[in-house]
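The file target.txt contains compact mmCIF, C-alpha atoms and all ligand atoms:
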```txt
# COMPACT_ATOMS: atom_id res chain seq x y z
CA MET J 623 14.47 3.13 24.72
CA SER J 624 11.00 3.27 23.21
CA VAL J 625 7.93 3.50 25.44
CA VAL J 626 5.80 1.71 22.85
CA ASN J 627 5.43 -2.04 22.95
CA TRP J 628 6.02 -2.57 19.25
CA LYS J 629 5.40 -6.32 19.45
CA ASP J 630 1.70 -5.55 20.00
CA PHE J 631 1.44 -4.22 16.46
CA PRO J 632 1.70 -6.83 13.71
CA GLN J 633 4.39 -6.13 11.12
CA VAL J 634 5.61 -8.01 8.07
CA GLU J 635 9.30 -7.70 7.29
CA LEU J 636 9.64 -5.96 3.94
CA GLY J 637 13.01 -4.21 4.15
CA PHE J 638 16.34 -3.91 5.93
CA PHE J 639 16.52 -1.70 9.01
CA PRO J 640 18.09 0.43 10.35
CA THR J 641 18.80 2.29 7.11
CA PRO J 642 22.28 3.84 7.04
CA ILE J 643 23.15 7.38 8.06
CA HIS J 644 26.29 9.14 6.87
CA PRO J 645 27.70 12.66 6.45
CA LEU J 646 27.59 14.67 3.21
CA PRO J 647 30.97 16.45 3.44
CA VAL J 648 31.05 18.03 -0.02
CA ILE J 649 27.62 19.68 0.21
CA SER J 650 28.29 20.67 3.84
CA GLN J 651 31.27 22.70 2.62
CA SER J 652 29.01 24.86 0.49
CA LEU J 653 26.53 25.50 3.34
CA PRO J 654 27.89 28.14 5.73
CA GLY J 655 28.41 26.58 9.16
CA VAL J 656 26.02 23.69 8.58
CA SER J 657 26.97 20.05 8.97
CA LEU J 658 24.74 17.96 6.69
CA TRP J 659 23.99 14.26 7.15
CA VAL J 660 21.62 11.94 5.33
CA LYS J 661 19.42 9.02 6.39
CA ARG J 662 19.09 6.58 3.54
CA ASP J 663 15.48 5.43 3.31
CA ASP J 664 16.13 5.22 -0.43
CA GLN J 665 17.95 2.05 0.68
CA THR J 666 15.15 0.26 2.53
CA GLY J 667 15.67 -2.66 0.16
CA LEU J 668 12.10 -3.07 -1.12
CA ALA J 669 11.83 -2.54 -4.90
CA PHE J 670 14.23 0.44 -5.10
CA GLY J 671 13.38 1.55 -1.57
CA GLY J 672 11.56 4.51 -0.08
CA ASN J 673 9.73 5.77 2.98
CA LYS J 674 6.57 3.75 2.20
CA THR J 675 8.36 0.51 3.17
CA ARG J 676 8.13 1.51 6.83
CA LYS J 677 4.40 2.28 6.60
CA LEU J 678 3.68 -0.87 4.62
CA GLN J 679 5.34 -3.14 7.21
CA PHE J 680 2.53 -2.17 9.58
CA LEU J 681 -0.22 -1.73 6.96
CA VAL J 682 0.29 -5.17 5.42
CA GLY J 683 0.74 -6.68 8.89
CA ARG J 684 -2.69 -5.41 9.77
CA ALA J 685 -4.22 -6.46 6.43
CA ILE J 686 -3.07 -10.02 7.09
CA GLU J 687 -4.40 -9.89 10.65
CA GLU J 688 -7.77 -8.81 9.23
CA GLU J 689 -7.66 -11.68 6.73
CA CYS J 690 -7.72 -9.46 3.68
CA ASP J 691 -7.04 -11.21 0.39
CA CYS J 692 -6.03 -8.23 -1.78
CA LEU J 693 -4.71 -4.68 -1.41
CA VAL J 694 -6.17 -1.55 -3.01
CA THR J 695 -4.45 1.83 -3.05
CA ALA J 696 -4.15 4.97 -5.15
CA GLY J 697 -1.62 7.54 -6.27
CA ALA J 698 -0.26 9.69 -9.08
CA LEU J 699 0.88 8.05 -12.32
CA GLN J 700 4.48 7.94 -11.00
CA SER J 701 3.48 7.11 -7.42
CA ASN J 702 6.28 5.62 -5.32
CA HIS J 703 3.72 4.55 -2.76
CA CYS J 704 1.92 2.48 -5.41
CA ARG J 705 5.18 0.86 -6.59
CA GLN J 706 6.13 -0.03 -3.01
CA THR J 707 2.62 -1.37 -2.31
CA ALA J 708 2.82 -3.51 -5.44
CA ALA J 709 6.12 -4.96 -4.16
CA ALA J 710 4.78 -5.48 -0.64
CA GLY J 711 1.76 -7.32 -2.07
CA ALA J 712 4.01 -9.51 -4.20
CA LYS J 713 6.06 -10.49 -1.14
CA ALA J 714 2.97 -11.09 1.00
CA ARG J 715 1.17 -13.03 -1.77
CA LEU J 716 -1.67 -10.50 -1.88
CA PRO J 717 -2.87 -9.29 -5.32
CA VAL J 718 -2.61 -5.50 -5.61
CA HIS J 719 -4.97 -3.08 -7.38
CA LEU J 720 -3.54 0.37 -8.08
CA VAL J 721 -5.76 3.31 -8.93
CA LEU J 722 -3.48 5.73 -10.76
CA GLY J 723 -4.13 9.32 -11.78
CA GLY J 724 -4.05 10.09 -15.50
CA THR J 725 -4.77 8.04 -18.59
CA PRO J 726 -2.84 5.02 -19.89
CA PRO J 727 0.30 6.58 -21.43
CA ASP J 728 1.93 5.50 -24.70
CA SER J 729 5.16 4.54 -22.97
CA ARG J 730 5.59 3.43 -19.38
CA PRO J 731 8.90 4.59 -17.93
CA GLY J 732 9.84 4.84 -14.26
CA ASN J 733 7.46 3.54 -11.62
CA LEU J 734 4.77 2.47 -14.10
CA LEU J 735 7.10 -0.09 -15.63
CA LEU J 736 7.91 -1.41 -12.16
CA ASP J 737 4.22 -1.59 -11.12
CA GLU J 738 3.58 -3.89 -14.07
CA LEU J 739 6.68 -5.99 -13.47
CA LEU J 740 5.51 -6.47 -9.89
CA GLY J 741 2.22 -7.85 -11.19
CA ALA J 742 -0.16 -5.14 -9.97
CA THR J 743 -3.49 -4.56 -11.73
CA LEU J 744 -3.59 -0.94 -12.94
CA HIS J 745 -6.76 1.17 -13.05
CA PHE J 746 -6.48 4.64 -14.59
CA ALA J 747 -8.58 7.34 -12.94
CA GLY J 748 -7.99 10.46 -15.06
CA GLU J 749 -7.83 13.66 -13.01
CA LYS J 750 -8.53 11.81 -9.76
CA ARG J 751 -5.11 10.88 -8.37
CA LYS J 752 -6.04 10.68 -4.69
CA GLY J 753 -8.25 7.63 -4.69
CA GLU J 754 -11.67 9.23 -5.27
CA THR J 755 -12.74 6.22 -7.35
CA ILE J 756 -11.65 3.60 -4.82
CA PRO J 757 -15.04 3.06 -3.12
CA ALA J 758 -16.53 1.83 -6.41
CA LEU J 759 -13.58 -0.51 -7.02
CA ILE J 760 -13.83 -1.90 -3.47
CA GLU J 761 -17.55 -2.49 -3.98
CA SER J 762 -16.94 -4.46 -7.15
CA LEU J 763 -14.17 -6.55 -5.53
CA LYS J 764 -16.51 -7.34 -2.64
CA ASN J 765 -19.17 -8.38 -5.12
CA GLU J 766 -16.64 -10.89 -6.46
CA GLY J 767 -16.45 -12.35 -2.95
CA LEU J 768 -13.09 -10.76 -2.05
CA ASN J 769 -12.07 -9.04 1.19
CA PRO J 770 -10.01 -6.05 0.00
CA CYS J 771 -7.81 -3.97 2.30
CA HIS J 772 -7.97 -0.28 1.42
CA ILE J 773 -4.58 1.30 2.01
CA PRO J 774 -5.13 5.08 2.03
CA TYR J 775 -3.38 7.60 -0.23
CA GLY J 776 0.31 7.67 0.71
CA GLY J 777 -0.28 4.96 3.32
CA SER J 778 -1.08 7.79 5.71
CA ASN J 779 -3.36 6.55 8.45
CA PRO J 780 -2.39 5.80 12.07
CA VAL J 781 -1.29 2.25 11.21
CA GLY J 782 1.07 3.48 8.47
CA ALA J 783 2.29 6.55 10.36
CA ALA J 784 3.27 4.26 13.25
CA GLY J 785 6.12 3.16 10.97
CA PHE J 786 7.62 6.63 11.23
CA ALA J 787 7.17 6.85 14.99
CA LEU J 788 9.28 3.69 15.12
CA ALA J 789 11.70 5.21 12.59
CA PHE J 790 12.28 8.17 14.91
CA PHE J 791 13.37 5.80 17.68
CA GLU J 792 15.59 3.99 15.17
CA LEU J 793 17.29 7.30 14.40
CA LEU J 794 17.75 8.21 18.09
CA GLU J 795 19.46 4.89 18.69
CA GLN J 796 21.79 5.38 15.71
CA CYS J 797 22.69 8.90 16.82
CA GLN J 798 23.40 7.72 20.33
CA LYS J 799 25.73 5.00 19.04
CA ILE J 800 27.90 7.36 17.03
CA GLY J 801 27.54 10.42 19.28
CA LEU J 802 25.72 12.49 16.68
CA VAL J 803 23.55 15.38 17.90
CA VAL J 804 21.00 16.37 15.26
CA ASP J 805 19.46 19.84 15.53
CA ASN J 806 17.22 19.86 12.45
CA LEU J 807 15.56 16.90 10.76
CA VAL J 808 14.55 17.83 7.20
CA PHE J 809 12.23 15.71 5.04
CA PRO J 810 9.61 16.13 2.28
CA SER J 811 6.00 16.21 3.49
CA SER J 812 2.97 15.42 1.34
CA SER J 813 0.27 13.04 2.52
CA GLY J 814 1.51 13.66 6.07
CA GLY J 815 2.18 10.15 7.42
CA THR J 816 5.93 10.62 7.57
CA HIS J 817 5.61 13.97 9.31
CA ALA J 818 2.92 12.80 11.76
CA GLY J 819 4.84 9.65 12.66
CA LEU J 820 8.04 11.59 13.31
CA MET J 821 6.08 14.02 15.52
CA VAL J 822 4.78 11.11 17.57
CA GLY J 823 8.30 9.69 17.93
CA LYS J 824 9.59 13.09 19.01
CA ALA J 825 6.78 13.58 21.55
CA LEU J 826 7.07 10.09 23.05
CA SER J 827 10.86 10.31 23.34
CA GLY J 828 10.98 13.93 24.53
CA SER J 829 13.65 14.65 21.90
CA PRO J 830 14.51 18.32 21.21
CA ILE J 831 15.19 17.69 17.48
CA ARG J 832 13.40 20.29 15.32
CA LEU J 833 11.22 18.70 12.65
CA VAL J 834 11.28 20.59 9.35
CA GLY J 835 8.82 19.32 6.75
CA ILE J 836 9.28 20.67 3.25
CA ALA J 837 5.90 20.87 1.50
CA VAL J 838 5.88 19.54 -2.07
CA ASP J 839 2.20 19.72 -3.11
CA LYS J 840 0.08 22.89 -3.33
CA GLU J 841 -3.13 20.84 -3.42
CA ASP J 842 -2.43 19.76 0.14
CA PHE J 843 -3.24 23.28 1.32
CA LYS J 844 -6.80 23.36 0.01
CA GLY J 845 -9.54 23.14 2.62
CA GLU J 846 -8.41 22.86 6.21
CA GLY J 847 -4.68 22.85 5.45
CA LEU J 848 -1.96 20.28 5.78
CA GLU J 849 -0.95 21.40 9.30
CA VAL J 850 -4.40 20.46 10.63
CA LYS J 851 -4.32 17.13 8.81
CA ILE J 852 -0.86 16.27 10.16
CA ALA J 853 -1.67 17.28 13.75
CA ASP J 854 -4.88 15.19 13.63
CA LEU J 855 -3.04 12.20 12.22
CA ALA J 856 -0.30 12.52 14.85
CA GLY J 857 -2.95 12.52 17.59
CA GLN J 858 -4.67 9.44 16.15
CA THR J 859 -1.33 7.66 15.74
CA ALA J 860 -0.29 8.31 19.35
CA GLU J 861 -3.65 6.97 20.46
CA TRP J 862 -3.35 3.89 18.21
CA LEU J 863 0.04 3.21 19.81
CA GLY J 864 -1.50 3.37 23.29
CA HIS J 865 0.09 6.69 24.29
CA PRO J 866 -2.51 9.45 23.73
CA HIS J 867 -0.86 12.85 23.28
CA PRO J 868 -2.32 16.16 22.10
CA PHE J 869 -0.88 17.81 18.97
CA SER J 870 -1.66 21.30 17.73
CA PRO J 871 -1.42 22.42 14.08
CA LYS J 872 0.86 25.19 15.43
CA GLU J 873 3.49 22.56 16.24
CA VAL J 874 3.60 21.45 12.60
CA PHE J 875 6.43 23.24 10.83
CA LEU J 876 6.08 23.26 7.04
CA GLU J 877 8.42 25.15 4.76
CA LYS J 878 6.37 26.26 1.73
CA SER J 879 8.89 28.25 -0.30
CA ALA J 880 9.75 25.34 -2.61
CA LEU J 881 6.26 24.54 -3.95
CA GLY J 882 6.89 26.06 -7.39
CA ALA J 883 4.20 25.29 -9.95
CA GLY J 884 2.87 22.37 -7.90
CA TYR J 885 3.14 18.62 -7.44
CA GLY J 886 5.48 16.86 -9.82
CA VAL J 887 6.26 19.95 -11.92
CA MET J 888 10.04 20.04 -11.76
CA ASN J 889 11.51 23.56 -11.61
CA GLY J 890 15.03 24.97 -11.78
CA ASP J 891 15.62 24.78 -8.02
CA ASP J 892 14.55 21.12 -7.88
CA LYS J 893 16.84 20.38 -10.80
CA ARG J 894 19.82 22.25 -9.31
CA ALA J 895 19.41 20.32 -6.04
CA ILE J 896 19.39 17.00 -7.93
CA HIS J 897 22.58 18.00 -9.79
CA THR J 898 24.26 19.18 -6.56
CA PHE J 899 23.65 15.86 -4.78
CA ALA J 900 24.60 13.75 -7.80
CA LYS J 901 27.77 15.62 -8.71
CA GLY J 902 28.86 16.39 -5.13
CA GLU J 903 28.05 13.16 -3.31
CA GLY J 904 27.23 10.56 -5.98
CA LEU J 905 23.73 10.39 -4.55
CA PHE J 906 20.47 10.48 -6.49
CA LEU J 907 17.50 12.54 -5.33
CA ASP J 908 14.10 12.36 -7.07
CA PRO J 909 12.34 15.15 -8.99
CA VAL J 910 9.07 15.16 -6.98
CA TYR J 911 9.97 14.87 -3.28
CA THR J 912 13.62 14.75 -2.23
CA GLY J 913 14.90 17.14 -4.92
CA ARG J 914 12.32 19.68 -3.82
CA ALA J 915 13.04 19.03 -0.13
CA ALA J 916 16.75 19.67 -0.72
CA ALA J 917 15.89 22.86 -2.62
CA GLY J 918 13.76 23.97 0.37
CA LEU J 919 16.62 23.13 2.74
CA PHE J 920 19.06 25.23 0.69
CA LYS J 921 16.62 28.18 0.73
CA MET J 922 16.27 27.93 4.51
CA VAL J 923 20.04 27.92 5.03
CA GLU J 924 20.39 30.89 2.67
CA ARG J 925 17.74 32.83 4.64
CA GLY J 926 19.29 31.91 7.98
CA ASP J 927 16.23 29.87 9.04
CA ILE J 928 18.61 27.02 9.70
CA SER J 929 21.28 28.65 11.77
CA GLU J 930 25.03 28.46 11.50
CA GLY J 931 26.62 25.80 13.64
CA SER J 932 23.68 23.41 13.37
CA THR J 933 23.70 19.77 12.37
CA VAL J 934 21.05 18.88 9.80
CA LEU J 935 19.89 15.38 8.99
CA PHE J 936 18.24 15.09 5.59
CA TRP J 937 15.85 12.14 5.49
CA HIS J 938 16.11 10.68 1.99
CA THR J 939 12.63 9.26 1.47
CA GLY J 940 13.34 7.55 -1.87
CA GLY J 941 11.51 8.08 -5.16
CA THR J 942 14.51 7.68 -7.45
CA PRO J 943 12.78 5.51 -10.14
CA SER J 944 10.85 8.59 -11.29
CA LEU J 945 14.17 10.05 -12.51
CA PHE J 946 13.62 7.78 -15.51
CA HIS J 947 10.20 9.31 -16.13
CA TYR J 948 11.60 12.86 -16.21
CA GLY J 949 14.45 11.64 -18.42
CA GLU J 950 16.35 14.25 -20.41
CA ASP J 951 14.42 17.17 -18.89
CA LEU J 952 16.83 16.65 -16.02
CA LEU J 953 19.75 17.48 -18.28
CA SER J 954 18.35 20.34 -20.36
CA GLU J 955 20.41 23.49 -19.95
CA GLU J 956 17.33 25.58 -19.94
CA ILE J 957 16.24 25.57 -16.32
CA GLN J 958 12.77 26.99 -15.84
CA PRO J 959 12.49 29.75 -13.20
C1 LIG J 1001 5.30 9.53 -0.36
C2 LIG J 1001 6.65 10.15 -0.42
C3 LIG J 1001 6.98 11.24 0.42
C4 LIG J 1001 5.99 11.91 1.32
O1 LIG J 1001 5.67 11.18 2.45
P1 LIG J 1001 4.24 11.44 3.15
O2 LIG J 1001 4.24 10.52 4.28
O3 LIG J 1001 3.23 11.14 2.09
O4 LIG J 1001 4.17 12.88 3.53
C5 LIG J 1001 8.26 11.73 0.36
N1 LIG J 1001 9.17 11.22 -0.48
C6 LIG J 1001 8.89 10.19 -1.31
C7 LIG J 1001 9.94 9.71 -2.24
C8 LIG J 1001 7.61 9.63 -1.32
O5 LIG J 1001 7.33 8.63 -2.15
```
Go ahead and express the file in the form of structure tokens.
Amino acid sequence: MSVVNWKDFPQVELGFFPTPIHPLPVISQSLPGVSLWVKRDDQTGLAFGGNKTRKLQFLVGRAIEEECDCLVTAGALQSNHCRQTAAAGAKARLPVHLVLGGTPPDSRPGNLLLDELLGATLHFAGEKRKGETIPALIESLKNEGLNPCHIPYGGSNPVGAAGFALAFFELLEQCQKIGLVVDNLVFPSSSGGTHAGLMVGKALSGSPIRLVGIAVDKEDFKGEGLEVKIADLAGQTAEWLGHPHPFSPKEVFLEKSALGAGYGVMNGDDKRAIHTFAKGEGLFLDPVYTGRAAAGLFKMVERGDISEGSTVLFWHTGGTPSLFHYGEDLLSEEIQP
């Protein structure tokens, strides 16, 4: 079905694909006229799963092709991308250096614990959670005679985003098999690789599915704006895959009503969405990405921006280990506005 010759792009197998899709009947009942389904990328199978597995299959494939002997990447203290990269490096026998925002904490719950179990070397970068200090680290690794592969923040370059172009074709095939017609595809959007990759898959397949990215990070809108970044990345990804295609920032739909107080600051809506999925469907969302994306989805349905009679597929991008970082805040009765 796909026009891309995927064999031309080296991949290492890190997870189990396709990830399942299934309906969410209980939550659907509370959404007027909407039929809600979920795609389970929290079940990719690599170290508690997540959307980064798909990017890393291509990113590590390329690192090996380029004869790199270690991986370097960056993220927030509770970065899922860093945890997944640590796991990918362990499987590929490549040492991993993680540059994490913040200072070494007294206790290390959630992803930090897992990063250490996976054997990654942790570097703490204070306020700089997006890899600003990486060039200096790369320099020093090179001086030691190593050939480091720099995996960008969120794994979002054309090589990584290609994983989500492929994922879009995976979804189309699944839908075709079970006769499911998806109208809206809803997912959290942050460093943009997921969004850009899905846009490329949509463009190359000619699918009419509407892509609805739910923004989770205010910082992403400084400077030129996330829409420009995503459109640029989609263009570069299509070119990398051998099928150049123009993308305009106007085609990038981002729902920004769920941003709250910013990245990783859980608010009442995020928390309510997490409780709704857990109690209604026995399914865990995370406090930073998928909880917020579900909150954004609920707001859109309430406002009528997702119309009655439509089928919505919610792409669960993972992130659940950070539930254990937020701990009992998730249970506190007092839900901040
Ligand atoms: C990284 C991440 C996202 C965002 O994906 P981008 O490609 O960075 O936009 C969404 N959900 C989870 C759980 C993530 O770890």
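When the distance limit is 9 Å and all atoms listed in the file are what count, the residues near Gln679 (chain J), minus those fewer than 6 positions from it on the same chain, are Pro632, Gln633, Val634, Glu635, Leu636, Gly637, Ala710, Gly782 and Gly785 of chain J.
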Margin query: With only C-alpha atoms as the counted atoms, please give the residues lying no more than 10 Å from Leu826 (chain J), apart from itself and same-chain residues fewer than 5 positions off, as a VMD selection string.
Written below: chain J and resid 624 to 626 787 790 to 791 820 to 821 860 865 to 867
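Identified as lying at most 7 Å from ligand LIG 1001 (chain J) when counting all atoms listed in the file are the residues Gly672, Asn673, Lys674, Ser701, Asn702, His703, Gly776, Ser778, Pro810, Ser811, Ser812, Ser813, Gly814, Gly815, Thr816, His817, Asp908, Tyr911, Thr912, Thr939, Gly940 and Gly941 of chain J.
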Output file for the residues above (C-alpha atoms, as a compact mmCIF listing (two decimals), in the frame of the given file):
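File again09.txt, as written:
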```txt
# COMPACT_ATOMS: atom_id res chain seq x y z
CA GLY J 672 11.56 4.51 -0.08
CA ASN J 673 9.73 5.77 2.98
CA LYS J 674 6.57 3.75 2.20
CA SER J 701 3.48 7.11 -7.42
CA ASN J 702 6.28 5.62 -5.32
CA HIS J 703 3.72 4.55 -2.76
CA GLY J 776 0.31 7.67 0.71
CA SER J 778 -1.08 7.79 5.71
CA PRO J 810 9.61 16.13 2.28
CA SER J 811 6.00 16.21 3.49
CA SER J 812 2.97 15.42 1.34
CA SER J 813 0.27 13.04 2.52
CA GLY J 814 1.51 13.66 6.07
CA GLY J 815 2.18 10.15 7.42
CA THR J 816 5.93 10.62 7.57
CA HIS J 817 5.61 13.97 9.31
CA ASP J 908 14.10 12.36 -7.07
CA TYR J 911 9.97 14.87 -3.28
CA THR J 912 13.62 14.75 -2.23
CA THR J 939 12.63 9.26 1.47
CA GLY J 940 13.34 7.55 -1.87
CA GLY J 941 11.51 8.08 -5.16
```
Can you build me a table of region 749-789 of chain J residues sitting at most 6 Å from region 719-730 of chain J, with the closest atom pair per residue and its distance in Å to one decimal, using all atoms listed in the file, sorted by chain and residue number, as a Markdown table?
```
| residue | atom | partner | partner_atom | distance |
| --- | --- | --- | --- | --- |
| J:Glu749 | CA | J:Gly724 | CA | 5.8 |
| J:Lys750 | CA | J:Gly723 | CA | 5.4 |
| J:Arg751 | CA | J:Gly723 | CA | 3.9 |
```
Margin query: Counting only C-alpha atoms, which residue out of J:Val910, J:Ala825, J:Ala696, J:Leu953 sits closest to Pro868 (chain J)?
Written below: J:Ala825
Next item on the list: Pick out the residues sitting within 8 Å of Leu768 (chain J), and hand them over as a PyMOL selection string; count all atoms listed in the file, and ignore anything fewer than 2 positions along from it in its own chain.
Entry: chain J and resi 690-692+763-766+770
Take the residues just selected and output them with C-alpha atoms as a PDB file, in the coordinates of the input.
```
ATOM      1  CA  CYS J 690      -7.720  -9.460   3.680  1.00  0.00           C
ATOM      2  CA  ASP J 691      -7.040 -11.210   0.390  1.00  0.00           C
ATOM      3  CA  CYS J 692      -6.030  -8.230  -1.780  1.00  0.00           C
ATOM      4  CA  LEU J 763     -14.170  -6.550  -5.530  1.00  0.00           C
ATOM      5  CA  LYS J 764     -16.510  -7.340  -2.640  1.00  0.00           C
ATOM      6  CA  ASN J 765     -19.170  -8.380  -5.120  1.00  0.00           C
ATOM      7  CA  GLU J 766     -16.640 -10.890  -6.460  1.00  0.00           C
ATOM      8  CA  PRO J 770     -10.010  -6.050   0.000  1.00  0.00           C
TER       9      PRO J 770
END
```
Margin query: Around (15.9, 1.8, -6.5), as given in the file, which residues come within 9 Å? Count all atoms listed in the file and list them as a PyMOL selection string.
Written below: chain J and resi 664-665+667-672+940-943
Next item on the list: Find the spatial neighbours of Ala880 (chain J), counting all atoms listed in the file, within a cut-off of 12 Å - ignore same-chain residues fewer than 2 positions away - and output them as a ChimeraX atom specification.
Entry: /J:810-811,835-840,876-878,882-893,895,910-922,959
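From CA of Val718 (chain J) back to CA of Arg705 (chain J), the distance works out to 10.1 Å.
In this structure, CA of Val874 (chain J) sits 8.3 Å away from CA of Val850 (chain J).
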Margin query: Could you check which residues have any atom within 9 Å of (27.2, 18.3, 14.2), counting only C-alpha atoms with coordinates taken straight from the file, and then list them as a PyMOL selection string?
Written below: chain J and resi 656-659+802-805+931-934
Kindly compute an axis-aligned box around the listed atoms of region 657-674 of chain J, allowing 6 Å on each side, and express its centre and edge lengths in Å to one decimal as AutoDock Vina command-line options.
```
--center_x 16.8 --center_y 8.5 --center_z 1.9 --size_x 32.4 --size_y 35.1 --size_z 26.1
```
Check: Contacts of Val660 (chain J) at 6 Å or less, counting only C-alpha atoms, minus same-chain residues fewer than 2 places along, as an MDAnalysis selection string?
Finding: chainID J and resid 643:644 935:937
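If only C-alpha atoms are the atoms counted, then among J:Glu950, J:Glu861, J:Glu738, J:Glu841 the closest residue to Gly819 (chain J) is J:Glu861.
Nearest to Ala685 (chain J) of all the residues J:Ala709, J:Leu759, J:Leu699, J:Cys771 is J:Cys771, based on all atoms listed in the file.
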